[in-house]
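Q: I have a structure here, written as structure tokens, and I will follow up with some questions on it.
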Amino acid sequence: MSVIDDVEIISKVLEGDTDAFSHIIRKYQDMVFRYVYYQFNNYDEALDITQDIFITVLEALGTFRHESKFSTWLYSIMVNHCKNYRKKKNRYSTVPLKITKGEDEVDIQLQDFRENPEEKIINEDSLRIMKEEISKLPDDFREILSLRDIEGMSYNEISDILGINLSNVKVRIHRGREYLKNRLHSRGLI
Amino acid sequence: MKSEHLSFDQLSDLFDNEVTDNERKTFTLHIQACSTCRREYESLCMCLSMLKGSKGGCGCIPDICQETIATYRAKIRKREYLKSVPAIAASVLIIAGIGFLHTGHFMDEKTLFSAQVSTQGDLERIIDSIRDSKGRIISITGEYVDGEIPRSDLAKLERVLNYFRIKHTIISDTQSPLFTERSSGFEEAGFRTNSIAGASMFGRGSEFLMSSQNRNKIHVRIFK
């Protein structure tokens, strides 16, 4: 679905066809969920937040001014929503009664890695360690590495989404990568 | 270049291809020649490959379209309802206000005071008190209770009403009315007792006038 399609869908939704928004949700839900999941490392929480993000987008759709790509606008809402949620969560720290994991959470989707020969096939243990280390990253690093190295966004896109200049984006990416590499090295993963 | 290792930022830029052609050439040559930088670069590549490989590690997400849109609609409905609450509250207040105006249940010097016979219990007590005073009930209306008691029992009745804290006005035919007005066959009389103003309309030939002929009896009216 192209950018024009997004615009068409937005027009339909703004004209009152709320159901048309389901196309937007289907298109972006995986990416949004993945980002949220790596920010909070909890399947159920990520699912709820993903839904909240789409509701926020739907509510704010009238304010989208087409100055940037719709995806960039959506991702900036996603990033801000996660920041706000984290702040709220830190203010009221909770103790979970039980930790639930999504049924498919432990399933490793190897298909992606096979498709791309540059990517290493990682086993369950290394995935677990990697997830642990991602969750331990400082918020700024986790946020930017998710966008750059997991989602593969360009520096410019990240700059627009996070609202910081390009040089800051570069510096943050470098520091985040160095931090993560050292952590993985200390755990014997690389 | 061999003596000076590449910085992590340079390696990271090289990985992202955020270098000029000349830089790429120089960095690549250095990495081939310098084992330290080569190891560092390989570690970085492995780290980032694993990071990218973890993309599928968060599991599958179910289709949340229907649920999200349904939640959104419910939220909109709730918001619209909350918006209408002040209007509903204002309507209730207006209706209540009009109701008070119509029933006269508010204090105003110029209006009749309504003794608050608020409960059925109070009404029964009043009736009992009049009967206990060897009196008789003349009439019970929606606005007052009329009774006739012997003059000697007036103090007793007042004691009882005061004991139960029942606000009351006693209209005695021996008292001089504060004002009288005659018009088209009606006489209006008003009295004040303990700063409570009472007024009522009596028809000519009513029981009040009949009772006034009997000097031993007192006419009592307790307004609701």
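A note on labels: chains of the structure tokens are A, B, ... as shown, every chain counts residues from 1, and ligands are counted from 1 in their shown order.
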Need to verify the contact set: Cys34 in chain B, 10 Å, only C-alpha atoms, exclusion of same-chain residues closer than 2 positions in sequence. Can you return it as number ranges by chain?
A: B: 1-6, 28-32, 36-39
Q: Pull out every residue of chain B that has at least one atom within 8 Å of chain A, counting only C-alpha atoms, and report them as a list in words.
A: Phe8, Asp9, Ser12, Ser43, Leu44, Met46, Cys47, Leu48, Ser49, Met50, Leu51, Lys52, Gly53, Ser54, Lys55, Gly56, Gly57, Cys58, Gly59, Cys60, Ile61, Asp63, Ile64, Cys65, Gln66, Thr68, Ile69, Thr71 and Tyr72 of chain B
Q: I need the chosen residues saved as a PDB file, in the first residue's frame, with N, CA and C atoms.
A:
```pdb
ATOM      1  N   PHE B   8      35.032   3.853  17.164  1.00  0.00           N
ATOM      2  CA  PHE B   8      33.777   3.108  17.053  1.00  0.00           C
ATOM      3  C   PHE B   8      32.782   3.854  16.160  1.00  0.00           C
ATOM      4  N   ASP B   9      32.798   5.168  16.254  1.00  0.00           N
ATOM      5  CA  ASP B   9      31.875   5.979  15.436  1.00  0.00           C
ATOM      6  C   ASP B   9      32.155   5.773  13.948  1.00  0.00           C
ATOM      7  N   SER B  12      30.871   2.416  12.983  1.00  0.00           N
ATOM      8  CA  SER B  12      29.411   2.452  12.934  1.00  0.00           C
ATOM      9  C   SER B  12      28.927   3.162  11.669  1.00  0.00           C
ATOM     10  N   SER B  43      32.608  -7.711  15.384  1.00  0.00           N
ATOM     11  CA  SER B  43      31.746  -7.752  16.585  1.00  0.00           C
ATOM     12  C   SER B  43      30.536  -6.849  16.408  1.00  0.00           C
ATOM     13  N   LEU B  44      30.818  -5.679  15.856  1.00  0.00           N
ATOM     14  CA  LEU B  44      29.719  -4.730  15.631  1.00  0.00           C
ATOM     15  C   LEU B  44      28.700  -5.306  14.645  1.00  0.00           C
ATOM     16  N   MET B  46      28.122  -8.416  13.991  1.00  0.00           N
ATOM     17  CA  MET B  46      27.396  -9.534  14.607  1.00  0.00           C
ATOM     18  C   MET B  46      26.328  -9.012  15.576  1.00  0.00           C
ATOM     19  N   CYS B  47      26.725  -8.035  16.350  1.00  0.00           N
ATOM     20  CA  CYS B  47      25.791  -7.434  17.324  1.00  0.00           C
ATOM     21  C   CYS B  47      24.562  -6.875  16.603  1.00  0.00           C
ATOM     22  N   LEU B  48      24.786  -6.144  15.533  1.00  0.00           N
ATOM     23  CA  LEU B  48      23.668  -5.511  14.836  1.00  0.00           C
ATOM     24  C   LEU B  48      22.846  -6.527  14.050  1.00  0.00           C
ATOM     25  N   SER B  49      23.518  -7.589  13.572  1.00  0.00           N
ATOM     26  CA  SER B  49      22.764  -8.655  12.892  1.00  0.00           C
ATOM     27  C   SER B  49      21.830  -9.348  13.872  1.00  0.00           C
ATOM     28  N   MET B  50      22.344  -9.594  15.072  1.00  0.00           N
ATOM     29  CA  MET B  50      21.513 -10.237  16.097  1.00  0.00           C
ATOM     30  C   MET B  50      20.365  -9.326  16.520  1.00  0.00           C
ATOM     31  N   LEU B  51      20.681  -8.040  16.598  1.00  0.00           N
ATOM     32  CA  LEU B  51      19.648  -7.079  16.973  1.00  0.00           C
ATOM     33  C   LEU B  51      18.540  -7.075  15.924  1.00  0.00           C
ATOM     34  N   LYS B  52      18.947  -7.085  14.665  1.00  0.00           N
ATOM     35  CA  LYS B  52      17.952  -7.110  13.595  1.00  0.00           C
ATOM     36  C   LYS B  52      17.219  -8.449  13.590  1.00  0.00           C
ATOM     37  N   GLY B  53      17.981  -9.497  13.934  1.00  0.00           N
ATOM     38  CA  GLY B  53      17.384 -10.838  13.964  1.00  0.00           C
ATOM     39  C   GLY B  53      16.347 -10.993  15.056  1.00  0.00           C
ATOM     40  N   SER B  54      16.426 -10.146  16.063  1.00  0.00           N
ATOM     41  CA  SER B  54      15.448 -10.254  17.162  1.00  0.00           C
ATOM     42  C   SER B  54      14.107  -9.644  16.784  1.00  0.00           C
ATOM     43  N   LYS B  55      14.031  -9.169  15.563  1.00  0.00           N
ATOM     44  CA  LYS B  55      12.801  -8.529  15.072  1.00  0.00           C
ATOM     45  C   LYS B  55      11.565  -9.425  15.238  1.00  0.00           C
ATOM     46  N   GLY B  56      11.790 -10.713  14.987  1.00  0.00           N
ATOM     47  CA  GLY B  56      10.653 -11.634  15.074  1.00  0.00           C
ATOM     48  C   GLY B  56      10.468 -12.224  16.457  1.00  0.00           C
ATOM     49  N   GLY B  57      11.286 -11.777  17.409  1.00  0.00           N
ATOM     50  CA  GLY B  57      11.265 -12.389  18.743  1.00  0.00           C
ATOM     51  C   GLY B  57      10.154 -11.914  19.644  1.00  0.00           C
ATOM     52  N   CYS B  58       9.365 -10.993  19.178  1.00  0.00           N
ATOM     53  CA  CYS B  58       8.319 -10.473  20.064  1.00  0.00           C
ATOM     54  C   CYS B  58       6.994 -11.215  19.878  1.00  0.00           C
ATOM     55  N   GLY B  59       7.000 -12.198  18.994  1.00  0.00           N
ATOM     56  CA  GLY B  59       5.786 -12.988  18.796  1.00  0.00           C
ATOM     57  C   GLY B  59       4.825 -12.332  17.834  1.00  0.00           C
ATOM     58  N   CYS B  60       3.743 -13.035  17.571  1.00  0.00           N
ATOM     59  CA  CYS B  60       2.764 -12.525  16.600  1.00  0.00           C
ATOM     60  C   CYS B  60       1.717 -11.695  17.320  1.00  0.00           C
ATOM     61  N   ILE B  61       1.213 -10.762  16.611  1.00  0.00           N
ATOM     62  CA  ILE B  61       0.156  -9.925  17.186  1.00  0.00           C
ATOM     63  C   ILE B  61      -1.166 -10.309  16.516  1.00  0.00           C
ATOM     64  N   ASP B  63      -5.079  -9.837  15.186  1.00  0.00           N
ATOM     65  CA  ASP B  63      -5.718  -8.718  14.482  1.00  0.00           C
ATOM     66  C   ASP B  63      -6.485  -7.871  15.501  1.00  0.00           C
ATOM     67  N   ILE B  64      -6.050  -6.647  15.647  1.00  0.00           N
ATOM     68  CA  ILE B  64      -6.674  -5.801  16.681  1.00  0.00           C
ATOM     69  C   ILE B  64      -7.614  -4.747  16.082  1.00  0.00           C
ATOM     70  N   CYS B  65      -7.877  -4.871  14.775  1.00  0.00           N
ATOM     71  CA  CYS B  65      -8.695  -3.849  14.084  1.00  0.00           C
ATOM     72  C   CYS B  65     -10.065  -3.660  14.735  1.00  0.00           C
ATOM     73  N   GLN B  66     -10.823  -4.760  14.807  1.00  0.00           N
ATOM     74  CA  GLN B  66     -12.206  -4.666  15.284  1.00  0.00           C
ATOM     75  C   GLN B  66     -12.261  -4.121  16.701  1.00  0.00           C
ATOM     76  N   THR B  68     -10.014  -2.412  18.338  1.00  0.00           N
ATOM     77  CA  THR B  68      -9.563  -1.019  18.441  1.00  0.00           C
ATOM     78  C   THR B  68     -10.669  -0.057  18.016  1.00  0.00           C
ATOM     79  N   ILE B  69     -11.301  -0.362  16.890  1.00  0.00           N
ATOM     80  CA  ILE B  69     -12.353   0.533  16.391  1.00  0.00           C
ATOM     81  C   ILE B  69     -13.559   0.525  17.336  1.00  0.00           C
ATOM     82  N   THR B  71     -13.454  -0.030  20.571  1.00  0.00           N
ATOM     83  CA  THR B  71     -13.051   0.746  21.751  1.00  0.00           C
ATOM     84  C   THR B  71     -13.131   2.241  21.463  1.00  0.00           C
ATOM     85  N   TYR B  72     -12.683   2.607  20.271  1.00  0.00           N
ATOM     86  CA  TYR B  72     -12.726   4.025  19.873  1.00  0.00           C
ATOM     87  C   TYR B  72     -14.175   4.533  19.871  1.00  0.00           C
TER      88      TYR B  72
END
```
Q: Could you jot down the CA of Phe164 in chain B to CA of Phe100 in chain B separation for me, Å, one decimal place?
A: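 Separation of CA of Phe164 in chain B and CA of Phe100 in chain B: 26.2 Å.
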Q: Go through A:Asn168, A:Ser11, A:Ser135, A:Asn84 and flag the residue nearest Asn156 in chain A, using only C-alpha atoms for the distances.
A: A:Asn168
Q: Rounded to one decimal in Å, what is the spacing between CA of Val220 in chain B and CA of Ile149 in chain B?
A: 7.3 Å
